[in-house]
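Structure file start03.txt with compact mmCIF, C-alpha atoms:
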```
# COMPACT_ATOMS: atom_id res chain seq x y z
CA MET B 12 22.52 36.86 -10.77
CA SER B 13 23.24 39.11 -13.76
CA GLU B 14 25.99 41.00 -11.86
CA GLN B 15 27.88 37.77 -11.15
CA PHE B 16 27.18 36.00 -14.42
CA ASP B 17 30.24 35.65 -16.67
CA LYS B 18 28.78 34.84 -20.10
CA VAL B 19 32.19 34.24 -21.72
CA LYS B 20 33.11 31.66 -19.09
CA TYR B 21 29.62 30.14 -19.27
CA ILE B 22 29.85 29.67 -23.05
CA LYS B 23 33.34 28.19 -22.73
CA ASN B 24 32.01 25.65 -20.23
CA CYS B 25 29.20 24.76 -22.67
CA GLU B 26 31.74 24.26 -25.44
CA ASP B 27 33.87 21.99 -23.25
CA LYS B 28 30.84 19.78 -22.61
CA LEU B 29 30.14 19.55 -26.35
CA LYS B 30 33.60 18.53 -27.57
CA ASP B 31 32.64 14.91 -28.31
CA GLN B 32 29.52 15.92 -30.25
CA PHE B 33 31.49 18.53 -32.19
CA GLU B 34 34.04 15.88 -33.19
CA ARG B 35 31.26 13.61 -34.45
CA ILE B 36 29.79 16.48 -36.46
CA ASP B 37 33.17 17.12 -38.08
CA GLU B 38 33.43 13.43 -38.97
CA VAL B 39 30.00 13.49 -40.64
CA ALA B 40 30.88 16.70 -42.49
CA PHE B 41 34.05 15.15 -43.94
CA PHE B 42 32.16 12.03 -45.00
CA ASN B 43 29.51 14.10 -46.76
CA GLN B 44 32.08 16.43 -48.31
CA THR B 45 33.69 13.37 -49.84
CA LYS B 46 30.36 12.29 -51.34
CA VAL B 47 29.81 15.73 -52.85
CA CYS B 48 33.33 15.98 -54.28
CA GLU B 49 32.99 12.54 -55.85
CA ALA B 50 29.65 13.51 -57.37
CA PHE B 51 31.23 16.61 -58.93
CA ALA B 52 34.11 14.55 -60.31
CA ALA B 53 31.96 11.71 -61.64
CA ASN B 54 29.80 14.19 -63.58
CA CYS B 55 32.83 16.10 -64.94
CA ILE B 56 31.58 19.46 -63.70
CA ALA B 57 33.29 22.30 -65.54
CA ALA B 58 32.96 26.08 -65.74
CA ARG B 59 30.61 25.73 -68.70
CA HIS B 60 27.98 24.22 -66.40
CA PHE B 61 27.67 27.54 -64.58
CA SER B 62 26.46 29.42 -67.67
CA GLY B 63 22.85 30.47 -68.01
CA THR B 64 20.46 29.71 -70.84
CA THR B 65 17.37 31.43 -72.20
CA GLY B 66 14.17 30.48 -73.94
CA TYR B 67 13.21 26.85 -73.72
CA GLY B 68 16.53 25.74 -72.28
CA TYR B 69 16.98 22.77 -74.59
CA GLY B 70 20.30 21.05 -73.93
CA ASP B 71 20.95 23.01 -70.73
CA ASP B 72 23.84 20.95 -69.35
CA GLY B 73 24.12 23.11 -66.25
CA ARG B 74 20.56 22.29 -65.26
CA ASP B 75 20.77 18.60 -66.12
CA CYS B 76 24.13 17.94 -64.44
CA LEU B 77 23.07 19.79 -61.30
CA GLY B 78 20.29 17.25 -60.90
CA LYS B 79 22.76 14.42 -61.47
CA VAL B 80 25.20 15.77 -58.85
CA PHE B 81 22.44 16.03 -56.23
CA ALA B 82 21.15 12.57 -57.10
CA GLN B 83 24.55 10.90 -56.79
CA ALA B 84 25.42 12.62 -53.52
CA PHE B 85 22.01 11.65 -52.10
CA GLY B 86 22.21 8.03 -53.29
CA ALA B 87 19.36 8.47 -55.77
CA GLU B 88 18.86 7.47 -59.41
CA ASP B 89 17.87 10.88 -60.73
CA GLY B 90 17.11 14.39 -59.59
CA ILE B 91 15.46 17.70 -60.41
CA VAL B 92 17.14 20.84 -59.08
CA SER B 93 15.47 24.03 -60.19
CA PRO B 94 15.45 27.74 -59.37
CA HIS B 95 11.85 27.70 -60.62
CA ILE B 96 10.82 25.75 -57.54
CA LEU B 97 9.96 28.56 -55.15
CA SER B 98 10.12 26.92 -51.73
CA GLY B 99 10.10 23.62 -49.91
CA THR B 100 6.29 23.69 -49.94
CA HIS B 101 6.30 24.26 -53.70
CA ALA B 102 8.71 21.36 -54.21
CA LEU B 103 6.48 19.09 -52.12
CA THR B 104 3.42 20.26 -54.06
CA VAL B 105 4.99 19.59 -57.47
CA ALA B 106 6.14 16.15 -56.38
CA LEU B 107 2.82 15.11 -54.84
CA PHE B 108 0.77 16.29 -57.81
CA GLY B 109 3.20 14.47 -60.10
CA LEU B 110 2.77 11.17 -58.27
CA LEU B 111 -0.91 11.11 -57.30
CA ARG B 112 -4.04 10.73 -59.41
CA PRO B 113 -7.77 11.12 -58.63
CA GLY B 114 -8.90 8.31 -56.36
CA ASP B 115 -5.41 7.70 -54.96
CA ALA B 116 -4.64 8.01 -51.25
CA LEU B 117 -1.82 9.89 -49.53
CA PHE B 118 -0.92 8.25 -46.22
CA CYS B 119 1.13 10.32 -43.78
CA VAL B 120 2.73 8.14 -41.10
CA SER B 121 4.63 10.87 -39.21
CA GLY B 122 1.81 12.85 -37.64
CA LEU B 123 0.11 15.93 -39.03
CA PRO B 124 2.36 17.59 -41.65
CA TYR B 125 3.80 21.09 -41.40
CA ASP B 126 1.36 24.02 -41.56
CA THR B 127 2.08 25.21 -45.10
CA ILE B 128 1.54 21.80 -46.72
CA ARG B 129 -1.83 21.18 -45.05
CA GLY B 130 -3.66 23.49 -47.43
CA VAL B 131 -1.99 21.70 -50.33
CA ILE B 132 -3.26 18.34 -49.12
CA TYR B 133 -6.76 19.00 -47.83
CA GLY B 134 -7.64 22.65 -48.46
CA GLU B 135 -11.16 23.41 -49.65
CA GLY B 136 -11.65 24.98 -53.07
CA ASN B 137 -8.05 26.13 -53.46
CA GLY B 138 -6.79 23.55 -55.97
CA SER B 139 -5.63 21.14 -53.27
CA LEU B 140 -5.13 17.40 -53.64
CA LYS B 141 -8.52 16.96 -52.00
CA ASP B 142 -10.12 19.13 -54.69
CA PHE B 143 -8.76 16.69 -57.27
CA GLY B 144 -10.24 13.67 -55.51
CA ILE B 145 -7.11 12.51 -53.72
CA ASN B 146 -7.72 11.10 -50.26
CA PHE B 147 -5.62 11.73 -47.17
CA LYS B 148 -5.08 9.82 -43.98
CA CYS B 149 -2.72 10.63 -41.14
CA VAL B 150 -1.34 8.46 -38.33
CA ASP B 151 -0.49 10.25 -35.10
CA LEU B 152 2.85 9.60 -33.45
CA ILE B 153 3.17 7.87 -30.07
CA ASN B 154 5.54 9.88 -27.87
CA GLY B 155 7.17 11.26 -31.01
CA LYS B 156 7.71 7.83 -32.61
CA PHE B 157 6.04 5.84 -35.39
CA ASP B 158 2.87 3.91 -34.52
CA PHE B 159 3.62 0.75 -36.50
CA THR B 160 0.35 -1.01 -35.64
CA THR B 161 -1.83 1.78 -37.04
CA ILE B 162 0.51 2.26 -40.01
CA LYS B 163 0.03 -1.39 -41.00
CA GLU B 164 -3.74 -0.98 -40.93
CA GLY B 165 -3.67 1.96 -43.35
CA LEU B 166 -1.26 0.59 -45.96
CA PRO B 167 -3.71 -1.34 -48.21
CA LYS B 168 -5.38 1.87 -49.43
CA ALA B 169 -2.23 3.98 -49.80
CA LYS B 170 -0.58 5.04 -53.07
CA VAL B 171 2.07 7.26 -51.46
CA VAL B 172 3.44 6.91 -47.92
CA TYR B 173 4.49 10.35 -46.68
CA ILE B 174 7.13 10.96 -43.98
CA GLN B 175 8.11 14.36 -42.60
CA ARG B 176 11.67 14.14 -41.31
CA SER B 177 11.77 17.38 -39.33
CA ARG B 178 9.60 18.25 -36.34
CA GLY B 179 7.80 21.19 -37.95
CA TYR B 180 6.07 23.13 -35.19
CA GLU B 181 5.93 20.13 -32.86
CA LEU B 182 7.88 19.47 -29.67
CA ARG B 183 9.62 16.25 -30.73
CA ASP B 184 12.92 15.11 -32.14
CA ALA B 185 13.46 14.99 -35.87
CA PHE B 186 13.49 11.46 -37.24
CA SER B 187 16.90 9.93 -37.77
CA VAL B 188 17.76 8.27 -41.06
CA ASP B 189 17.82 4.94 -39.21
CA GLU B 190 14.26 5.51 -38.00
CA ILE B 191 13.14 6.40 -41.52
CA GLY B 192 14.86 3.27 -42.80
CA GLU B 193 13.02 1.20 -40.21
CA VAL B 194 9.60 2.47 -41.28
CA CYS B 195 10.53 2.02 -44.96
CA ARG B 196 11.39 -1.64 -44.32
CA PHE B 197 8.22 -2.09 -42.31
CA VAL B 198 5.86 -0.82 -45.01
CA ARG B 199 7.59 -2.92 -47.67
CA GLU B 200 7.44 -6.05 -45.51
CA ASN B 201 3.71 -5.44 -45.13
CA GLY B 202 3.03 -5.41 -48.85
CA PHE B 203 3.23 -1.73 -49.79
CA ASN B 204 4.56 -1.33 -53.34
CA GLY B 205 3.86 2.35 -53.95
CA CYS B 206 6.08 5.39 -53.43
CA ILE B 207 7.72 6.16 -50.09
CA PHE B 208 8.03 9.94 -50.01
CA VAL B 209 10.14 11.94 -47.52
CA ASP B 210 9.98 15.66 -46.80
CA ASN B 211 13.72 15.99 -46.19
CA CYS B 212 13.78 19.70 -45.31
CA TYR B 213 16.32 20.69 -42.63
CA GLY B 214 17.89 17.22 -42.57
CA GLU B 215 20.24 17.11 -45.56
CA PHE B 216 23.86 16.32 -44.61
CA ALA B 217 23.05 16.14 -40.90
CA GLU B 218 23.95 12.44 -41.07
CA LYS B 219 26.11 10.27 -43.31
CA ARG B 220 23.10 8.89 -45.19
CA GLU B 221 19.97 10.36 -46.73
CA PRO B 222 16.52 8.67 -46.71
CA THR B 223 17.01 7.58 -50.35
CA GLU B 224 19.85 5.38 -49.11
CA VAL B 225 17.64 3.48 -46.66
CA GLY B 226 14.51 2.77 -48.70
CA ALA B 227 12.79 6.07 -49.55
CA ASP B 228 11.81 6.46 -53.21
CA ILE B 229 11.61 10.28 -53.26
CA ILE B 230 13.14 13.01 -51.11
CA VAL B 231 12.24 16.67 -51.41
CA GLY B 232 13.74 19.86 -50.01
CA SER B 233 14.47 23.56 -50.36
CA LEU B 234 17.72 25.11 -51.58
CA ILE B 235 17.50 28.00 -49.10
CA LYS B 236 17.91 25.41 -46.39
CA ASN B 237 20.75 22.89 -46.04
CA PRO B 238 21.70 21.90 -49.62
CA GLY B 239 21.99 25.47 -50.87
CA GLY B 240 24.93 26.05 -48.54
CA GLY B 241 23.86 29.65 -47.90
CA LEU B 242 24.57 30.66 -51.51
CA ALA B 243 21.52 29.45 -53.43
CA GLN B 244 19.14 32.39 -53.71
CA THR B 245 16.02 30.35 -54.36
CA GLY B 246 14.98 26.91 -55.60
CA GLY B 247 14.23 23.38 -54.56
CA TYR B 248 15.21 19.80 -55.34
CA ILE B 249 13.49 16.45 -55.82
CA CYS B 250 15.61 13.27 -55.95
CA GLY B 251 14.83 9.59 -56.11
CA LYS B 252 13.78 6.75 -58.38
CA ALA B 253 14.07 7.64 -62.07
CA ASP B 254 10.50 6.61 -62.96
CA TYR B 255 9.06 8.82 -60.23
CA ILE B 256 11.32 11.74 -61.17
CA ASP B 257 10.04 11.43 -64.75
CA MET B 258 6.43 11.67 -63.53
CA ILE B 259 7.23 14.66 -61.34
CA GLY B 260 9.15 16.42 -64.12
CA LYS B 261 6.04 16.28 -66.30
CA ARG B 262 4.13 18.14 -63.58
CA LEU B 263 6.92 20.68 -63.03
CA THR B 264 6.74 21.72 -66.70
CA ALA B 265 4.21 19.98 -68.98
CA PRO B 266 3.30 16.33 -69.63
CA SER B 267 4.56 16.51 -73.21
CA ILE B 268 8.06 17.84 -72.43
CA GLY B 269 9.02 17.02 -68.85
CA THR B 270 12.56 17.92 -67.85
CA GLU B 271 13.74 18.57 -71.41
CA VAL B 272 13.07 22.30 -70.91
CA GLY B 273 13.74 24.94 -68.30
CA SER B 274 16.17 27.79 -68.76
CA HIS B 275 17.80 30.04 -66.18
CA ALA B 276 19.47 33.10 -67.62
CA LEU B 277 21.40 33.95 -64.44
CA GLY B 278 23.35 30.69 -64.47
CA TYR B 279 24.00 27.97 -61.92
CA GLN B 280 27.26 28.87 -60.18
CA TYR B 281 25.68 29.60 -56.79
CA TYR B 282 23.74 26.32 -56.88
CA TYR B 283 26.83 24.23 -57.58
CA GLN B 284 29.01 26.23 -55.20
CA GLY B 285 26.36 26.20 -52.46
CA PHE B 286 25.98 22.44 -52.72
CA PHE B 287 29.76 22.06 -52.54
CA LEU B 288 29.79 24.11 -49.32
CA ALA B 289 26.68 22.51 -47.84
CA PRO B 290 28.31 19.72 -45.75
CA HIS B 291 30.49 22.29 -43.98
CA VAL B 292 27.70 24.84 -43.55
CA VAL B 293 25.36 22.20 -42.13
CA ALA B 294 28.08 21.22 -39.64
CA GLN B 295 28.32 24.85 -38.55
CA ALA B 296 24.54 25.01 -38.08
CA LEU B 297 24.53 21.79 -36.05
CA LYS B 298 27.22 23.16 -33.76
CA CYS B 299 25.22 26.38 -33.32
CA SER B 300 22.18 24.29 -32.41
CA LEU B 301 24.08 22.30 -29.80
CA LEU B 302 25.69 25.38 -28.26
CA ILE B 303 22.36 27.20 -27.96
CA GLY B 304 20.77 24.03 -26.59
CA GLU B 305 23.45 23.44 -23.96
CA ALA B 306 23.36 27.08 -22.84
CA MET B 307 19.57 27.25 -22.61
CA ALA B 308 19.34 23.87 -20.83
CA GLY B 309 21.85 25.11 -18.27
CA LEU B 310 19.53 28.02 -17.53
CA GLY B 311 16.55 25.74 -17.03
CA TYR B 312 14.91 25.95 -20.45
CA LYS B 313 13.52 22.74 -21.86
CA ASN B 314 14.67 22.17 -25.43
CA TYR B 315 14.90 19.49 -28.10
CA PRO B 316 16.80 17.54 -29.32
CA PRO B 317 18.95 16.41 -26.37
CA VAL B 318 22.38 18.03 -26.27
CA ASN B 319 24.15 14.75 -25.47
CA ALA B 320 23.75 13.53 -29.07
CA VAL B 321 24.28 14.92 -32.57
CA PRO B 322 20.96 16.33 -33.89
CA HIS B 323 19.22 14.73 -36.87
CA ASP B 324 18.43 18.09 -38.45
CA ILE B 325 19.39 21.74 -37.97
CA THR B 326 16.34 22.88 -35.97
CA ARG B 327 16.09 23.21 -32.20
CA ALA B 328 12.86 23.65 -30.26
CA ILE B 329 13.17 25.79 -27.11
CA GLN B 330 10.21 26.09 -24.75
CA PHE B 331 9.40 29.24 -22.77
CA ASP B 332 6.87 29.83 -20.00
CA SER B 333 5.40 32.98 -21.54
CA ALA B 334 4.83 34.64 -24.88
CA GLU B 335 6.94 37.58 -23.73
CA LYS B 336 10.05 35.44 -23.12
CA MET B 337 9.63 33.65 -26.41
CA VAL B 338 9.32 36.93 -28.30
CA HIS B 339 12.36 38.38 -26.50
CA PHE B 340 14.45 35.36 -27.50
CA ILE B 341 13.46 35.60 -31.16
CA CYS B 342 14.03 39.37 -31.20
CA GLU B 343 17.57 38.87 -29.88
CA VAL B 344 18.30 36.51 -32.78
CA GLN B 345 17.15 39.28 -35.13
CA TYR B 346 19.29 41.89 -33.35
CA ALA B 347 22.32 39.59 -33.78
CA SER B 348 21.74 39.26 -37.53
CA PRO B 349 23.99 40.82 -40.18
CA VAL B 350 20.96 42.12 -42.10
CA ASP B 351 18.13 44.19 -40.56
CA SER B 352 19.68 43.99 -37.10
CA PHE B 353 17.78 47.17 -36.20
CA VAL B 354 14.38 45.55 -36.81
CA THR B 355 12.13 44.46 -33.93
CA CYS B 356 10.15 41.35 -34.84
CA GLU B 357 6.41 41.20 -34.32
CA PRO B 358 3.92 38.36 -34.75
CA TRP B 359 1.90 38.45 -37.99
CA ASP B 360 -0.48 36.43 -40.14
CA MET B 361 2.04 34.78 -42.43
CA PRO B 362 0.66 33.09 -45.58
CA GLY B 363 0.14 29.35 -45.17
CA TYR B 364 0.16 29.27 -41.35
CA ASP B 365 -2.75 28.68 -38.98
CA ASP B 366 -1.57 31.01 -36.19
CA LYS B 367 0.29 34.29 -35.88
CA ILE B 368 3.99 33.68 -36.47
CA ILE B 369 6.98 35.63 -35.22
CA MET B 370 10.07 35.16 -37.34
CA ALA B 371 13.63 36.42 -36.98
CA ALA B 372 15.46 36.14 -40.27
CA GLY B 373 18.03 38.88 -40.78
CA THR B 374 19.46 36.89 -43.65
CA PHE B 375 21.31 37.57 -46.89
CA VAL B 376 18.81 35.36 -48.72
CA SER B 377 15.29 36.27 -47.66
CA GLY B 378 13.85 33.64 -45.33
CA ALA B 379 16.84 31.30 -45.64
CA SER B 380 16.61 28.84 -42.75
CA ILE B 381 20.21 27.69 -43.17
CA GLU B 382 21.22 31.16 -42.00
CA LEU B 383 20.79 31.99 -38.31
CA SER B 384 17.09 32.39 -37.68
CA ALA B 385 14.29 31.63 -35.24
CA ASP B 386 10.52 31.51 -35.48
CA GLY B 387 7.39 30.00 -34.04
CA PRO B 388 3.63 30.39 -33.54
CA VAL B 389 2.86 32.69 -30.63
CA LYS B 390 0.64 30.35 -28.66
CA PRO B 391 1.09 27.92 -25.76
CA PRO B 392 3.38 26.10 -25.09
CA TYR B 393 5.45 29.03 -26.49
CA ILE B 394 8.15 27.24 -28.43
CA ALA B 395 10.82 29.07 -30.44
CA TYR B 396 12.31 27.05 -33.30
CA PHE B 397 15.94 28.01 -33.75
CA GLN B 398 17.88 26.96 -36.83
CA GLY B 399 20.86 27.61 -39.00
CA GLY B 400 24.08 29.52 -38.77
CA LEU B 401 26.45 29.88 -41.70
CA THR B 402 29.32 30.07 -39.22
CA TYR B 403 29.67 28.75 -35.70
CA GLU B 404 31.14 32.09 -34.66
CA HIS B 405 27.93 33.87 -35.62
CA GLY B 406 25.90 31.46 -33.51
CA LYS B 407 28.22 32.09 -30.58
CA TYR B 408 27.87 35.86 -31.03
CA ALA B 409 24.08 35.54 -31.09
CA LEU B 410 24.17 33.47 -27.90
CA MET B 411 26.11 36.21 -26.12
CA LYS B 412 23.37 38.71 -27.02
CA ILE B 413 20.67 36.28 -25.93
CA LEU B 414 22.38 35.75 -22.57
CA ASP B 415 22.58 39.52 -22.07
CA LYS B 416 18.81 39.66 -22.38
CA ILE B 417 17.60 36.59 -20.49
CA VAL B 418 20.07 36.34 -17.61
```
Written as structure tokens, that's how I'd like the structure from this file.
Amino acid sequence: MSEQFDKVKYIKNCEDKLKDQFERIDEVAFFNQTKVCEAFAANCIAARHFSGTTGYGYGDDGRDCLGKVFAQAFGAEDGIVSPHILSGTHALTVALFGLLRPGDALFCVSGLPYDTIRGVIYGEGNGSLKDFGINFKCVDLINGKFDFTTIKEGLPKAKVVYIQRSRGYELRDAFSVDEIGEVCRFVRENGFNGCIFVDNCYGEFAEKREPTEVGADIIVGSLIKNPGGGLAQTGGYICGKADYIDMIGKRLTAPSIGTEVGSHALGYQYYYQGFFLAPHVVAQALKCSLLIGEAMAGLGYKNYPPVNAVPHDITRAIQFDSAEKMVHFICEVQYASPVDSFVTCEPWDMPGYDDKIIMAAGTFVSGASIELSADGPVKPPYIAYFQGGLTYEHGKYALMKILDKIV
């Protein structure tokens, strides 16, 4: 087969099949670019907002307006955007500890959360929520969808309802904003008056609306994923209802000062500029995901989400029938990277994960999932989670290298 296989023609055929989805992605990108531009204009962003501050950071307009720009674009009342938030897991941790008190209950309605947040929620003796007397209950999904009957039963004891938008290391579709809106309406109709909290990682700008526009009170994410646009070098964001943001800000810094402090000597240009670019960059990543998905499906590989619809986030789950094939796929992504292309990936015990992980991330920003990358736990059913791509052309180049290896 390899002697007769024309990879250029094969990729062109995949692209032809995806024209309608690509057009829809471009439409979403323009809609979201409009939201971002209007948020910049409404907050009168000027060059002075890019300047850094030192010490306590009192009156740091760059910091404060960055939160306002994110909040407006995401349909929220207020926001915290900080380079001092180290990762998506850190952002989730700060937000949860800001909202919950001893005796409260965290109620996850979207199945077991992602590996790295599990130790935060119910770790033993590590400073987890459980160590502080905060209870946790989780509702399993039914065929990848919300189990509304069981959710209703658990609501009376809940203080925070937790929803994970992306699939994590599960073989299911990411939740759409419409689906999140449906579960938000459901919990409110059944008497829940606490905080609806969404882990929004990987989903920002994939659709025209964010969860805060359909009933979520708080959304949380990482800047080295979608909203950093490939330029943010670190950081995270938390957006939502002003009262909740105030509570969370007092956990980010100190209860007596909240978001009045927080300097960043290096300045904020990359955070503003990355957010400005984010709708376009996310569109590129979505197109990369669809192209890889169409190509792998054509070769008989099961993958999610379906290629006949626009994805709800930037990740794609591709299933292999052996560890060897999965590792080969991920290694080819590394070999196609602009950074460390000479490195051969190997599984390792990565902090915060339950199993050995193999991760391809030859990225300009270390570990940035908005850049072309792939990873997964090396265990059955051998699923590689592919994400990102700052440019569609890079994703196409990577696919050519992958086809050289697997065909």
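The nearest approach to Ala217 of chain B among the residues B:Ile56, B:Ala40, B:Leu277, B:Val354, with only C-alpha atoms taken into account, belongs to B:Ala40.
Here atom CA of Gly99 of chain B and atom CA of Cys212 of chain B stand 7.1 Å from one another.
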Write out as an mmCIF file with C-alpha atoms, in the coordinates of the input the residues lying within 7 Å of Ile368 of chain B, counting all atoms listed in the file and excluding same-chain residues fewer than 2 positions away.
```
data_model
loop_
_atom_site.group_PDB
_atom_site.id
_atom_site.type_symbol
_atom_site.label_atom_id
_atom_site.label_comp_id
_atom_site.auth_asym_id
_atom_site.auth_seq_id
_atom_site.Cartn_x
_atom_site.Cartn_y
_atom_site.Cartn_z
ATOM 1 C CA PRO B 358 3.920 38.360 -34.750
ATOM 2 C CA TRP B 359 1.900 38.450 -37.990
ATOM 3 C CA ASP B 360 -0.480 36.430 -40.140
ATOM 4 C CA MET B 361 2.040 34.780 -42.430
ATOM 5 C CA ASP B 366 -1.570 31.010 -36.190
ATOM 6 C CA MET B 370 10.070 35.160 -37.340
ATOM 7 C CA ASP B 386 10.520 31.510 -35.480
ATOM 8 C CA GLY B 387 7.390 30.000 -34.040
ATOM 9 C CA PRO B 388 3.630 30.390 -33.540
ATOM 10 C CA VAL B 389 2.860 32.690 -30.630
#
```
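Distance check against Met307 of chain B using all atoms listed in the file: of B:Ile230, B:Ile36, B:Leu414, B:Leu152, the minimum falls on B:Leu414.
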Within 8 Å of Tyr312 of chain B using all atoms listed in the file, minus same-chain residues under 6 positions, as a list in words: Ile329, Gln330 and Phe331 of chain B
Between atom CA of Gln280 of chain B and atom CA of Ser177 of chain B - distance in Å to one decimal: 28.4 Å
Nearest residue to Ile153 of chain B from the set B:Val120, B:Ala409, B:Ile256, B:Ala52 (distances using all atoms listed in the file): B:Val120
Surrounding residues of segment 130-143 of chain B excluding itself and chain neighbours under 6 positions, 12 Å, only C-alpha atoms, as JSON, numbers by chain: {"B": [100, 101, 102, 103, 104, 105, 106, 107, 108, 109, 110, 111, 112, 113, 114, 115, 116, 117, 118, 119, 123, 124, 149, 173, 362, 363, 364, 365]}
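The space between atom CA of Cys299 of chain B and atom CA of Gln284 of chain B spans 22.2 Å.
Residues of protein, DNA or RNA having at least one counted atom within 7 Å of (12.4, 16.6, -55.8), given only C-alpha atoms, are Gly90, Ile91, Ala102, Ala106, Ile229, Ile230, Val231, Gly232, Tyr248, Ile249 and Cys250 of chain B.
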